[in-house]
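Enquirer: For reference, this is start.txt, and it has compact mmCIF, C-alpha atoms and all ligand atoms.
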# COMPACT_ATOMS: atom_id res chain seq x y z
CA MET W 145 80.10 78.55 83.07
CA ILE W 146 82.81 78.61 85.65
CA ASN W 147 86.20 80.25 85.30
CA GLN W 148 88.45 77.20 84.90
CA ARG W 149 91.55 78.97 86.23
CA MET W 150 89.71 79.94 89.43
CA LEU W 151 88.24 76.44 89.69
CA ALA W 152 91.73 74.94 89.46
CA LEU W 153 93.01 77.41 92.04
CA GLY W 154 90.16 76.61 94.43
CA ASN W 155 90.73 72.89 94.07
CA GLU W 156 94.51 73.12 94.28
CA PRO W 157 95.50 72.14 97.81
CA SER W 158 97.81 74.53 99.70
CA ALA W 159 100.52 72.28 101.16
CA ILE W 160 100.66 74.40 104.33
CA ARG W 161 96.89 74.41 104.94
CA GLU W 162 96.66 70.69 104.20
CA LEU W 163 99.38 69.93 106.72
CA PHE W 164 97.70 72.16 109.30
CA ALA W 165 94.37 70.35 108.77
CA TYR W 166 96.16 67.00 109.09
CA GLY W 167 97.70 68.23 112.37
CA LEU W 168 94.30 69.18 113.80
CA ALA W 169 92.87 65.76 112.96
CA ARG W 170 95.94 63.98 114.34
CA LYS W 171 95.80 66.01 117.58
CA ALA W 172 92.15 65.02 118.03
CA GLU W 173 93.21 61.40 117.59
CA ILE W 174 96.32 61.12 119.79
CA GLY W 175 96.33 64.31 121.90
CA ASP W 176 97.54 67.89 121.45
CA ASP W 177 100.87 67.36 123.14
CA LYS W 178 101.83 64.39 120.95
CA VAL W 179 101.83 66.30 117.65
CA PHE W 180 104.57 68.84 116.83
CA ASP W 181 102.89 71.18 114.42
CA PHE W 182 105.38 73.58 112.79
CA SER W 183 103.23 74.18 109.71
CA LEU W 184 101.61 77.60 110.05
CA GLY W 185 102.78 81.20 110.49
CA ASN W 186 100.16 82.08 113.10
CA PRO W 187 101.81 84.24 115.81
CA SER W 188 102.01 82.53 119.22
CA ILE W 189 102.38 85.84 121.09
CA PRO W 190 99.09 87.54 122.06
CA ALA W 191 98.32 91.00 120.70
CA PRO W 192 99.52 93.72 123.11
CA ASP W 193 97.16 95.09 125.78
CA SER W 194 97.13 98.43 123.99
CA VAL W 195 95.18 96.77 121.16
CA ARG W 196 92.39 95.66 123.53
CA GLN W 197 92.36 99.13 125.03
CA ALA W 198 92.16 100.72 121.58
CA ILE W 199 89.24 98.44 120.66
CA ALA W 200 87.45 99.40 123.89
CA GLU W 201 88.00 103.11 123.22
CA ALA W 202 86.80 102.77 119.64
CA LEU W 203 83.60 101.11 120.87
CA ASP W 204 82.67 104.39 122.59
CA GLU W 205 82.23 106.00 119.18
CA PRO W 206 78.67 106.18 117.80
CA ALA W 207 77.99 102.81 116.13
CA CYS W 208 77.06 104.22 112.72
CA ALA W 209 80.33 106.12 112.50
CA LEU W 210 82.41 103.28 113.91
CA HIS W 211 81.03 100.60 111.62
CA GLY W 212 80.47 102.82 108.62
CA TYR W 213 82.46 102.93 105.38
CA THR W 214 85.68 104.90 105.48
CA PRO W 215 87.26 106.50 102.40
CA ALA W 216 88.47 103.76 100.03
CA GLN W 217 92.12 104.38 100.94
CA GLY W 218 91.49 104.60 104.72
CA THR W 219 90.64 107.42 107.13
CA PRO W 220 92.82 110.55 106.94
CA ALA W 221 93.63 110.04 110.66
CA VAL W 222 95.08 106.54 110.25
CA ARG W 223 97.02 107.51 107.13
CA GLN W 224 98.52 110.46 109.02
CA ALA W 225 99.44 108.14 111.90
CA VAL W 226 101.14 105.68 109.51
CA ALA W 227 103.07 108.49 107.79
CA ARG W 228 104.16 109.74 111.24
CA THR W 229 105.42 106.34 112.33
CA ILE W 230 107.35 105.87 109.06
CA LEU W 231 109.08 109.17 109.79
CA ARG W 232 109.74 108.21 113.42
CA ARG W 233 110.95 104.69 112.66
CA HIS W 234 112.86 105.18 109.41
CA GLY W 235 113.53 108.91 109.20
CA PHE W 236 111.63 109.27 105.93
CA GLU W 237 108.90 111.76 105.21
CA VAL W 238 105.99 110.24 103.29
CA SER W 239 102.75 112.03 102.53
CA PRO W 240 99.57 110.51 104.06
CA ASP W 241 98.27 110.88 100.50
CA ARG W 242 100.60 108.07 99.42
CA ILE W 243 99.35 105.59 102.07
CA TYR W 244 96.55 103.12 101.25
CA MET W 245 95.13 100.97 104.07
CA THR W 246 94.77 97.32 103.10
CA ALA W 247 93.35 94.04 104.40
CA GLY W 248 96.83 92.77 105.33
CA ALA W 249 99.92 92.43 103.16
CA ALA W 250 98.12 89.94 100.92
CA ALA W 251 95.66 92.59 99.69
CA GLY W 252 98.53 95.10 99.43
CA LEU W 253 100.48 92.71 97.19
CA ALA W 254 97.51 91.94 94.95
CA ILE W 255 96.83 95.69 94.59
CA ALA W 256 100.48 96.59 93.94
CA ILE W 257 100.90 93.89 91.28
CA ALA W 258 97.67 94.86 89.53
CA ALA W 259 98.64 98.55 89.69
CA VAL W 260 102.04 98.30 88.00
CA THR W 261 101.64 95.48 85.47
CA ASP W 262 99.82 94.84 82.20
CA PRO W 263 98.77 91.35 81.09
CA GLY W 264 101.72 89.64 79.39
CA ASP W 265 104.35 91.33 81.61
CA GLU W 266 106.91 89.47 83.70
CA VAL W 267 107.27 89.76 87.47
CA ILE W 268 110.45 88.50 89.13
CA VAL W 269 110.30 86.66 92.46
CA VAL W 270 113.22 85.35 94.48
CA ALA W 271 113.03 81.61 95.19
CA PRO W 272 112.23 80.34 97.75
CA TYR W 273 109.20 82.63 97.87
CA PHE W 274 105.77 83.00 99.55
CA PRO W 275 103.51 80.79 97.35
CA GLU W 276 100.74 83.38 96.99
CA TYR W 277 103.00 85.66 94.89
CA LYS W 278 102.52 83.35 91.94
CA VAL W 279 98.73 83.36 92.41
CA PHE W 280 98.57 87.18 92.44
CA ILE W 281 100.97 87.50 89.48
CA GLU W 282 99.14 84.99 87.32
CA SER W 283 95.76 86.45 88.26
CA ALA W 284 97.02 89.76 86.85
CA GLY W 285 97.75 87.91 83.57
CA CYS W 286 101.51 88.08 84.08
CA THR W 287 104.29 85.48 84.11
CA CYS W 288 106.06 84.66 87.36
CA ILE W 289 109.83 84.52 86.76
CA GLU W 290 111.66 82.66 89.53
CA VAL W 291 115.22 83.75 90.27
CA PRO W 292 117.04 81.65 92.88
CA ALA W 293 118.45 83.34 95.97
CA ARG W 294 122.18 82.83 96.63
CA ALA W 295 122.79 79.18 97.43
CA ASP W 296 124.98 79.68 100.50
CA ASP W 297 123.08 82.26 102.57
CA PHE W 298 119.78 82.83 100.68
CA GLN W 299 120.58 86.51 100.23
CA LEU W 300 119.51 88.29 97.01
CA ASP W 301 121.53 87.30 93.96
CA VAL W 302 121.56 90.73 92.34
CA ASN W 303 123.50 89.57 89.26
CA ALA W 304 120.92 86.86 88.63
CA ILE W 305 118.06 89.38 89.00
CA HIS W 306 119.85 91.75 86.62
CA ALA W 307 120.29 88.92 84.10
CA ALA W 308 116.63 87.83 84.39
CA THR W 309 115.27 91.34 83.80
CA THR W 310 113.88 91.78 80.28
CA PRO W 311 111.97 94.53 78.47
CA LYS W 312 108.82 92.76 79.69
CA THR W 313 109.79 92.98 83.38
CA SER W 314 107.42 95.37 85.11
CA ALA W 315 108.05 94.42 88.76
CA VAL W 316 110.38 92.61 91.15
CA ILE W 317 109.06 91.35 94.50
CA ILE W 318 111.37 91.09 97.50
CA ASN W 319 110.53 89.98 101.04
CA SER W 320 112.74 90.87 103.99
CA PRO W 321 112.78 89.51 106.69
CA ASN W 322 112.13 86.51 104.53
CA ASN W 323 109.54 83.78 104.73
CA PRO W 324 110.77 80.99 104.59
CA THR W 325 114.55 81.53 105.04
CA GLY W 326 114.69 84.25 107.73
CA ALA W 327 117.18 86.24 105.58
CA VAL W 328 117.24 90.03 106.04
CA TYR W 329 118.57 92.17 103.18
CA GLY W 330 121.12 94.78 104.26
CA ARG W 331 121.94 98.21 102.85
CA GLU W 332 124.71 97.04 100.52
CA VAL W 333 122.63 94.46 98.68
CA LEU W 334 119.64 96.84 98.42
CA LYS W 335 121.89 99.52 96.95
CA ASP W 336 123.20 97.01 94.40
CA LEU W 337 119.64 95.95 93.57
CA GLY W 338 118.58 99.59 93.08
CA ASP W 339 121.58 100.15 90.76
CA ALA W 340 120.78 96.97 88.79
CA LEU W 341 117.13 97.93 88.26
CA ARG W 342 117.99 101.50 87.27
CA ASP W 343 120.54 100.11 84.82
CA LYS W 344 117.89 97.92 83.17
CA GLU W 345 115.31 100.75 83.12
CA GLU W 346 117.80 102.87 81.26
CA ALA W 347 118.84 100.09 78.87
CA TYR W 348 115.25 99.19 77.94
CA GLY W 349 113.60 102.59 78.38
CA THR W 350 111.01 100.95 80.67
CA GLN W 351 109.78 101.39 84.24
CA ILE W 352 110.41 98.61 86.75
CA HIS W 353 108.71 98.70 90.15
CA LEU W 354 110.13 97.10 93.25
CA ILE W 355 107.44 95.63 95.52
CA SER W 356 108.75 95.21 99.05
CA ASP W 357 106.66 92.73 101.04
CA GLU W 358 107.28 93.47 104.72
CA PRO W 359 104.93 91.67 107.13
CA TYR W 360 107.93 90.56 109.26
CA ARG W 361 109.71 93.95 109.34
CA GLU W 362 109.51 94.17 113.14
CA ILE W 363 110.50 90.56 113.84
CA VAL W 364 114.29 90.66 113.76
CA TYR W 365 117.14 89.49 115.95
CA GLY W 366 119.52 92.42 116.31
CA VAL W 367 119.84 93.44 112.65
CA GLU W 368 118.62 96.52 110.79
CA VAL W 369 115.83 96.26 108.21
CA PRO W 370 116.55 99.22 105.91
CA TRP W 371 113.74 101.33 104.44
CA VAL W 372 113.76 100.08 100.84
CA PRO W 373 112.52 103.29 99.09
CA GLU W 374 115.81 104.84 100.19
CA PHE W 375 117.56 102.71 97.57
CA TYR W 376 115.03 102.69 94.75
CA ALA W 377 112.46 105.34 94.00
CA ARG W 378 109.91 103.15 92.29
CA THR W 379 109.32 101.08 95.41
CA ILE W 380 105.90 100.10 96.78
CA VAL W 381 106.01 98.91 100.40
CA CYS W 382 103.39 96.37 101.54
CA TYR W 383 103.19 96.25 105.34
CA SER W 384 100.93 94.36 107.72
CA TYR W 385 100.04 94.12 111.41
CA SER W 386 99.42 90.35 111.13
CA LYS W 387 102.77 89.47 112.68
CA SER W 388 104.03 92.71 114.27
CA LEU W 389 100.92 93.09 116.47
CA SER W 390 99.74 89.44 116.22
CA LEU W 391 96.54 90.40 114.36
CA PRO W 392 96.46 88.04 111.35
CA GLY W 393 92.72 87.42 111.50
CA GLU W 394 91.82 91.11 111.60
CA ARG W 395 93.21 91.77 108.10
CA ILE W 396 94.87 95.13 108.48
CA GLY W 397 97.99 96.66 106.94
CA TRP W 398 99.01 99.39 104.54
CA LEU W 399 100.68 100.06 101.24
CA CYS W 400 102.99 103.04 100.72
CA VAL W 401 104.21 104.70 97.54
CA PRO W 402 106.98 107.21 98.23
CA ASP W 403 106.09 110.72 97.12
CA GLY W 404 107.97 113.41 95.27
CA ILE W 405 109.90 114.88 98.16
CA PRO W 406 110.90 111.95 100.36
CA LYS W 407 113.25 113.83 102.64
CA LYS W 408 115.41 111.80 104.91
CA VAL W 409 115.08 113.59 108.21
CA ASN W 410 117.53 113.42 111.07
CA LYS W 411 115.76 111.06 113.45
CA ASP W 412 117.39 112.66 116.48
CA ALA W 413 115.87 115.99 115.55
CA GLY W 414 112.36 114.50 115.47
CA ALA W 415 109.63 115.53 113.08
CA THR W 416 110.94 119.08 112.77
CA GLY W 417 114.47 117.96 111.84
CA GLN W 418 116.38 119.27 108.88
CA PRO W 419 116.72 117.19 105.72
CA TYR W 420 120.20 115.69 105.65
CA GLU W 421 122.38 113.19 103.86
CA ARG W 422 120.88 112.56 100.44
CA VAL W 423 121.46 108.93 99.58
CA GLY W 424 120.66 106.52 96.75
CA TRP W 425 118.16 107.96 94.28
CA LEU W 426 117.62 111.00 96.53
CA VAL W 427 120.74 112.51 94.99
CA LEU W 428 118.81 112.84 91.71
CA PRO W 429 117.66 116.38 90.91
CA GLU W 430 114.12 116.92 92.19
CA GLU W 431 112.64 117.45 88.72
CA VAL W 432 113.60 113.97 87.47
CA ARG W 433 112.51 112.08 90.59
CA PRO W 434 109.25 110.18 90.21
CA ASP W 435 106.62 111.71 92.46
CA GLY W 436 104.53 108.57 92.96
CA ALA W 437 101.29 110.37 92.00
CA GLU W 438 100.53 108.10 89.05
CA GLU W 439 101.47 104.98 90.99
CA TYR W 440 99.18 106.00 93.82
CA ALA W 441 96.31 106.71 91.45
CA ALA W 442 96.87 103.27 89.89
CA VAL W 443 96.91 101.75 93.41
CA CYS W 444 93.52 103.38 94.11
CA GLY W 445 92.28 102.05 90.75
CA ALA W 446 93.54 98.53 91.43
CA GLY W 447 92.00 98.60 94.93
CA ARG W 448 88.71 99.55 93.33
CA ALA W 449 88.95 96.93 90.58
CA LEU W 450 89.79 94.17 93.04
CA GLY W 451 87.19 95.27 95.60
CA PHE W 452 89.88 96.05 98.20
CA VAL W 453 88.40 99.35 99.37
CA CYS W 454 87.86 100.52 102.96
CA ALA W 455 90.05 98.15 105.00
CA PRO W 456 88.33 96.96 108.24
CA ALA W 457 87.16 100.17 109.90
CA LEU W 458 87.52 99.09 113.55
CA PHE W 459 91.12 98.07 112.97
CA GLN W 460 91.90 101.31 111.15
CA ARG W 461 90.98 102.93 114.50
CA VAL W 462 93.20 100.46 116.36
CA VAL W 463 96.19 101.11 114.07
CA GLU W 464 95.68 104.85 114.49
CA ARG W 465 96.10 104.42 118.25
CA CYS W 466 98.75 101.64 118.30
CA VAL W 467 100.92 102.64 115.39
CA ASP W 468 104.02 103.18 117.53
CA GLU W 469 103.57 100.04 119.64
CA PRO W 470 106.81 98.01 119.65
CA SER W 471 106.63 94.33 118.70
CA ASP W 472 107.45 91.78 121.36
CA VAL W 473 109.99 89.40 119.81
CA ALA W 474 111.51 87.97 123.00
CA ALA W 475 109.59 84.69 122.83
CA TYR W 476 110.47 84.17 119.13
CA ALA W 477 114.14 84.94 119.90
CA ALA W 478 114.10 82.33 122.72
CA ASN W 479 112.42 79.77 120.43
CA ARG W 480 114.97 80.41 117.71
CA GLU W 481 117.78 79.74 120.19
CA LEU W 482 116.15 76.59 121.52
CA LEU W 483 115.44 75.18 118.06
CA THR W 484 118.78 76.01 116.41
CA CYS W 485 120.80 74.69 119.38
CA GLY W 486 118.75 71.49 119.50
CA LEU W 487 118.91 70.83 115.76
CA SER W 488 122.59 71.64 115.36
CA GLU W 489 123.40 69.17 118.15
CA LEU W 490 121.50 66.55 116.17
CA GLY W 491 123.50 67.38 113.02
CA TYR W 492 120.79 69.16 111.00
CA GLU W 493 121.90 71.84 108.54
CA TYR W 494 119.92 75.09 108.53
CA VAL W 495 120.10 78.78 107.60
CA GLU W 496 120.65 80.99 110.66
CA PRO W 497 117.53 83.19 110.62
CA GLN W 498 118.09 86.95 111.06
CA GLY W 499 114.36 87.64 111.18
CA ALA W 500 110.78 86.30 110.86
CA PHE W 501 109.92 83.09 112.75
CA TYR W 502 110.85 80.29 110.35
CA LEU W 503 113.82 77.96 110.22
CA TRP W 504 114.91 76.70 106.79
CA VAL W 505 116.36 73.24 107.25
CA ARG W 506 118.00 70.98 104.67
CA ALA W 507 115.98 67.80 104.16
CA LEU W 508 117.91 64.62 104.86
CA GLU W 509 117.10 63.28 101.40
CA PRO W 510 116.81 65.10 98.05
CA ASP W 511 113.01 64.75 97.93
CA ALA W 512 111.68 67.19 100.54
CA GLN W 513 108.13 65.81 100.24
CA ALA W 514 109.33 62.28 100.99
CA PHE W 515 111.32 63.66 103.93
CA ALA W 516 108.29 65.56 105.27
CA GLU W 517 106.21 62.37 104.95
CA ARG W 518 108.78 60.50 107.00
CA ALA W 519 108.80 63.31 109.56
CA LYS W 520 105.02 62.89 109.88
CA LYS W 521 105.59 59.34 111.13
CA HIS W 522 107.37 60.96 114.08
CA GLU W 523 104.46 63.43 114.47
CA LEU W 524 106.64 66.28 113.14
CA LEU W 525 104.75 68.56 110.73
CA LEU W 526 107.30 70.29 108.47
CA VAL W 527 106.46 72.14 105.22
CA PRO W 528 108.37 70.78 102.19
CA SER W 529 110.23 73.42 100.18
CA ASP W 530 108.50 72.52 96.88
CA SER W 531 105.63 74.89 97.73
CA PHE W 532 108.18 77.73 97.93
CA GLY W 533 109.62 76.97 94.49
CA VAL W 534 112.80 75.06 95.49
CA LYS W 535 113.73 71.46 96.20
CA GLY W 536 115.45 69.75 99.11
CA TRP W 537 114.51 71.85 102.17
CA VAL W 538 111.74 72.07 104.77
CA ARG W 539 110.32 75.03 106.69
CA ILE W 540 109.83 74.90 110.45
CA GLY W 541 107.55 77.66 111.81
CA TYR W 542 108.79 78.36 115.34
CA CYS W 543 105.91 80.67 116.27
CA VAL W 544 104.78 77.95 118.70
CA SER W 545 105.06 77.46 122.45
CA SER W 546 108.58 76.66 123.65
CA ASP W 547 107.25 73.34 125.01
CA VAL W 548 106.44 72.18 121.48
CA ILE W 549 110.07 72.80 120.48
CA ARG W 550 111.51 71.21 123.64
CA ASN W 551 109.28 68.14 123.43
CA SER W 552 109.90 67.66 119.70
CA MET W 553 113.64 67.06 120.04
CA PRO W 554 113.41 63.26 120.58
CA ALA W 555 111.30 63.07 117.40
CA PHE W 556 113.90 65.06 115.42
CA LYS W 557 116.56 62.72 116.85
CA ALA W 558 114.66 59.60 115.79
CA LEU W 559 114.07 61.10 112.33
CA ALA W 560 117.80 61.84 111.86
CA GLU W 561 118.68 58.33 113.00
CA GLU W 562 116.59 56.85 110.20
CA TYR W 563 119.07 58.37 107.74
CA LYS W 564 122.24 57.05 109.40
N1 LIG N 601 103.85 87.87 102.66
C1 LIG N 601 104.48 86.91 103.36
C2 LIG N 601 105.91 86.66 103.07
C3 LIG N 601 103.81 86.16 104.33
O1 LIG N 601 104.46 85.22 105.01
C4 LIG N 601 102.44 86.44 104.58
C5 LIG N 601 101.68 85.67 105.56
O2 LIG N 601 102.12 84.75 106.20
C6 LIG N 601 101.82 87.45 103.82
C7 LIG N 601 102.55 88.14 102.88
C8 LIG N 601 100.38 87.79 104.01
O3 LIG N 601 100.23 88.40 105.24
P1 LIG N 601 98.88 89.12 105.69
O4 LIG N 601 98.32 88.31 106.80
O5 LIG N 601 99.33 90.45 106.16
O6 LIG N 601 97.99 89.20 104.53
Give the structure from the file, written as structure tokens.
Ligand code: PLP
Expert:
Amino acid sequence: MINQRMLALGNEPSAIRELFAYGLARKAEIGDDKVFDFSLGNPSIPAPDSVRQAIAEALDEPACALHGYTPAQGTPAVRQAVARTILRRHGFEVSPDRIYMTAGAAAGLAIAIAAVTDPGDEVIVVAPYFPEYKVFIESAGCTCIEVPARADDFQLDVNAIHAATTPKTSAVIINSPNNPTGAVYGREVLKDLGDALRDKEEAYGTQIHLISDEPYREIVYGVEVPWVPEFYARTIVCYSYSKSLSLPGERIGWLCVPDGIPKKVNKDAGATGQPYERVGWLVLPEEVRPDGAEEYAAVCGAGRALGFVCAPALFQRVVERCVDEPSDVAAYAANRELLTCGLSELGYEYVEPQGAFYLWVRALEPDAQAFAERAKKHELLLVPSDSFGVKGWVRIGYCVSSDVIRNSMPAFKALAEEYK
């Protein structure tokens, strides 16, 4: 016997992977420079030199130790390093005992969903959304409830999330900077979201967890990406080095559950600074604040049940050494400029991305799949929005060389002319 749900999942084509495979075949046929492949989110910036150096240093360790199992949740040293960088970057104290090292954000998400849901529960996602959310939610036996983002700017529609929350809602997943729209959620909207979820928790007498999927946290263009636990206590942050350090194939990231005393510390005063300015849920008296201990135990249990224990050991060492490395976003910023200028001159409508490396462009006909098929005739590989749960848009991944963008403009022009 075979599990029919898994069989269906294995046979179900991923639109993005299919398009990427088509691009490889087409490049082999007509030449690399003739195909404009905007399908995949594979970083085009190499990992920083410090990563190579960290790998080299790690190789000096005795082989048995280096390649051996680590504790299921990661080595104490890497968890301390992650907690330190959260404090340095966001001014929030988190215990290393609330950090769990994961094989990328994907494993973090699967663990977080399994940890805070029971079969039959509902999990809210904001459409358009990363297609794997639905896979993880349904694999946990839950129902994926799609709530559209705001139509004009693809920001969170907090009223709609509030209205969609039922006594069965056990989690809400948000993703900022967003794949595919590039939207970044600011402090105001996160505060409203926190208020809305607390309101529903109180009304239903339930617990609702907020899962914040953050693989693009570092890839932003001059805007702040607030630390979500500041606005809602029951937050689980899923982070990854796939994009920030260009390490998608190495499968390394972490998951963080805020602990009982998440002090906001004055960044200017460094690690020894005094707690200051209690905001959001931090104004609650200490005794009624959740301490995250049960969530973390459930995270360890879910990691065990799913087989996501001991994230890649070599890259735990690398993260330990490179945790404060800044991300290089200059090339993505230049690509974003090149692409948006070129497409707006040609009359395309798009959402101005504040982060990540995707451009969300309105298809020139209502059927995004038909539009993407037409684009293919011009050797443009664009991902139709249907795979992200909405109709009428396409995603352009601009994590490519600037030449691909520059050379693709005549093809975008010819495509637009077909619709005149
Ligand atoms: N979440 C979003 C929104 C993504 O775009 C991706 C990958 O592209 C992931 C999660 C998974 O990332 P990782 O490589 O860290 O597993």
Enquirer: Could you tell me which of W:Ala507, W:Ala474, W:Val538, W:Ala251 comes closest to ligand LIG 601 (chain N) if we count all atoms listed in the file?
Expert: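 Checking each of W:Ala507, W:Ala474, W:Val538, W:Ala251 against ligand LIG 601 (chain N), counting all atoms listed in the file, the winner is W:Ala251.
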Enquirer: Could you list the protein, DNA and RNA residues that have any atom within 10 Å of ligand LIG 601 (chain N), counting only C-alpha atoms and all ligand atoms, and write them as number ranges by chain?
Expert: W: 184-187, 246-254, 273-277, 318-324, 356-360, 382-388, 390-398, 500-502
Enquirer: Name all residues at most 12 Å from Pro157 in chain W (count only C-alpha atoms; drop same-chain ones fewer than 6 positions away) and give them as an MDAnalysis selection string.
Expert: chainID W and resid 151 163:165 275 531
Enquirer: Using all atoms listed in the file, which residues sit within 9 Å of Leu300 in chain W once same-chain residues fewer than 6 positions away are excluded, as an NGL selection string?
Expert: :W and (270 or 292-294 or 318 or 329 or 333-334 or 337)
Enquirer: If I take CA of Arg196 in chain W and CA of Cys208 in chain W, how far is one from the other in Å, to one decimal?
Expert: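 Going from CA of Arg196 in chain W over to CA of Cys208 in chain W covers 20.6 Å.
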Enquirer: Compile the contact shell of range 445-448 of chain W as a list in words: residues with an atom at most 6 Å away, counting all atoms listed in the file, same-chain residues fewer than 2 positions apart removed.
Expert: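 After dropping sequence-adjacent residues, the list is Ile255, Ala258, Ala259, Ala442, Val443, Leu450, Gly451, Phe452 and Val453 of chain W.
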Enquirer: What's the separation between CA of Cys543 in chain W and CA of Ser188 in chain W, in Å to one decimal place?
Expert: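 If I compute the distance from CA of Cys543 in chain W to CA of Ser188 in chain W, I get 5.2 Å.
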Enquirer: Quick one: pull the distance between CA of Val495 in chain W and CA of Ile268 in chain W, Å, one decimal.
Expert: 23.0 Å
Enquirer: Pick out the residues sitting within 8 Å of Leu524 in chain W, and hand them over as a list in words; count only C-alpha atoms, and ignore anything fewer than 5 positions along from it in its own chain.
Expert: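 Residues meeting the cut-off are Val179, Phe180, Asp181, Phe182, Ala519, Ser552, Ala555 and Phe556 of chain W.
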Enquirer: Would you compute the box with edges along x, y and z of the file around range 245-264 of chain W, including every atom the file lists for it and 3 Å extra on each side, and give its centre and edge lengths in Å to one decimal, as AutoDock Vina command-line options?
Expert:
--center_x 97.7 --center_y 95.3 --center_z 92.4 --size_x 14.7 --size_y 17.3 --size_z 31.9
Enquirer: Have a look at W:Ile380, W:Met145, W:Ile230, W:Leu508 and name the one nearest to Asp468 in chain W; count all atoms listed in the file.
Expert: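 Closest candidate: W:Ile230.
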Enquirer: List the spatial neighbours of range 476-492 of chain W as a list in words - criterion: any atom at most 7 Å away, all atoms listed in the file, same-chain residues fewer than 4 positions off excluded.
Expert: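 Once the nearby chain positions are removed, what remains is Tyr365, Phe501, Tyr542, Cys543, Ser546, Ile549, Met553 and Lys557 of chain W.
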Enquirer: Between W:Thr310, W:Lys278, W:Glu362, W:Val369, which residue has the minimum interatomic distance to Ala347 in chain W, considering all atoms listed in the file?
Expert: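 Nearest candidate to Ala347 in chain W out of W:Thr310, W:Lys278, W:Glu362, W:Val369: W:Thr310.
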Enquirer: Please complete range 280-291 of chain W with N, CA, C and O atoms and give it back as a PDB file, in the frame of the given file.
Expert:
ATOM      1  N   PHE W 280      98.906  85.775  92.735  1.00  0.00           N
ATOM      2  CA  PHE W 280      98.570  87.180  92.440  1.00  0.00           C
ATOM      3  C   PHE W 280      99.113  87.585  91.068  1.00  0.00           C
ATOM      4  O   PHE W 280      98.453  88.301  90.312  1.00  0.00           O
ATOM      5  N   ILE W 281     100.333  87.126  90.760  1.00  0.00           N
ATOM      6  CA  ILE W 281     100.970  87.500  89.480  1.00  0.00           C
ATOM      7  C   ILE W 281     100.178  86.908  88.316  1.00  0.00           C
ATOM      8  O   ILE W 281      99.848  87.601  87.352  1.00  0.00           O
ATOM      9  N   GLU W 282      99.849  85.640  88.435  1.00  0.00           N
ATOM     10  CA  GLU W 282      99.140  84.990  87.320  1.00  0.00           C
ATOM     11  C   GLU W 282      97.703  85.514  87.204  1.00  0.00           C
ATOM     12  O   GLU W 282      97.164  85.610  86.111  1.00  0.00           O
ATOM     13  N   SER W 283      97.112  85.882  88.327  1.00  0.00           N
ATOM     14  CA  SER W 283      95.760  86.450  88.260  1.00  0.00           C
ATOM     15  C   SER W 283      95.759  87.796  87.551  1.00  0.00           C
ATOM     16  O   SER W 283      94.736  88.214  87.010  1.00  0.00           O
ATOM     17  N   ALA W 284      96.918  88.475  87.567  1.00  0.00           N
ATOM     18  CA  ALA W 284      97.020  89.760  86.850  1.00  0.00           C
ATOM     19  C   ALA W 284      97.382  89.519  85.377  1.00  0.00           C
ATOM     20  O   ALA W 284      97.637  90.470  84.642  1.00  0.00           O
ATOM     21  N   GLY W 285      97.445  88.234  84.970  1.00  0.00           N
ATOM     22  CA  GLY W 285      97.750  87.910  83.570  1.00  0.00           C
ATOM     23  C   GLY W 285      99.230  87.954  83.246  1.00  0.00           C
ATOM     24  O   GLY W 285      99.624  88.003  82.076  1.00  0.00           O
ATOM     25  N   CYS W 286     100.059  87.960  84.300  1.00  0.00           N
ATOM     26  CA  CYS W 286     101.510  88.080  84.080  1.00  0.00           C
ATOM     27  C   CYS W 286     102.204  86.732  84.293  1.00  0.00           C
ATOM     28  O   CYS W 286     101.598  85.776  84.776  1.00  0.00           O
ATOM     29  N   THR W 287     103.491  86.699  83.933  1.00  0.00           N
ATOM     30  CA  THR W 287     104.290  85.480  84.110  1.00  0.00           C
ATOM     31  C   THR W 287     105.193  85.661  85.329  1.00  0.00           C
ATOM     32  O   THR W 287     105.848  86.699  85.470  1.00  0.00           O
ATOM     33  N   CYS W 288     105.220  84.634  86.155  1.00  0.00           N
ATOM     34  CA  CYS W 288     106.060  84.660  87.360  1.00  0.00           C
ATOM     35  C   CYS W 288     107.441  84.113  86.987  1.00  0.00           C
ATOM     36  O   CYS W 288     107.561  82.963  86.560  1.00  0.00           O
ATOM     37  N   ILE W 289     108.465  84.944  87.111  1.00  0.00           N
ATOM     38  CA  ILE W 289     109.830  84.520  86.760  1.00  0.00           C
ATOM     39  C   ILE W 289     110.584  84.260  88.069  1.00  0.00           C
ATOM     40  O   ILE W 289     110.786  85.171  88.876  1.00  0.00           O
ATOM     41  N   GLU W 290     110.977  83.020  88.271  1.00  0.00           N
ATOM     42  CA  GLU W 290     111.660  82.660  89.530  1.00  0.00           C
ATOM     43  C   GLU W 290     113.166  82.814  89.370  1.00  0.00           C
ATOM     44  O   GLU W 290     113.757  82.228  88.475  1.00  0.00           O
ATOM     45  N   VAL W 291     113.763  83.594  90.262  1.00  0.00           N
ATOM     46  CA  VAL W 291     115.220  83.750  90.270  1.00  0.00           C
ATOM     47  C   VAL W 291     115.717  83.209  91.613  1.00  0.00           C
ATOM     48  O   VAL W 291     115.274  83.686  92.669  1.00  0.00           O
TER      49      VAL W 291
END
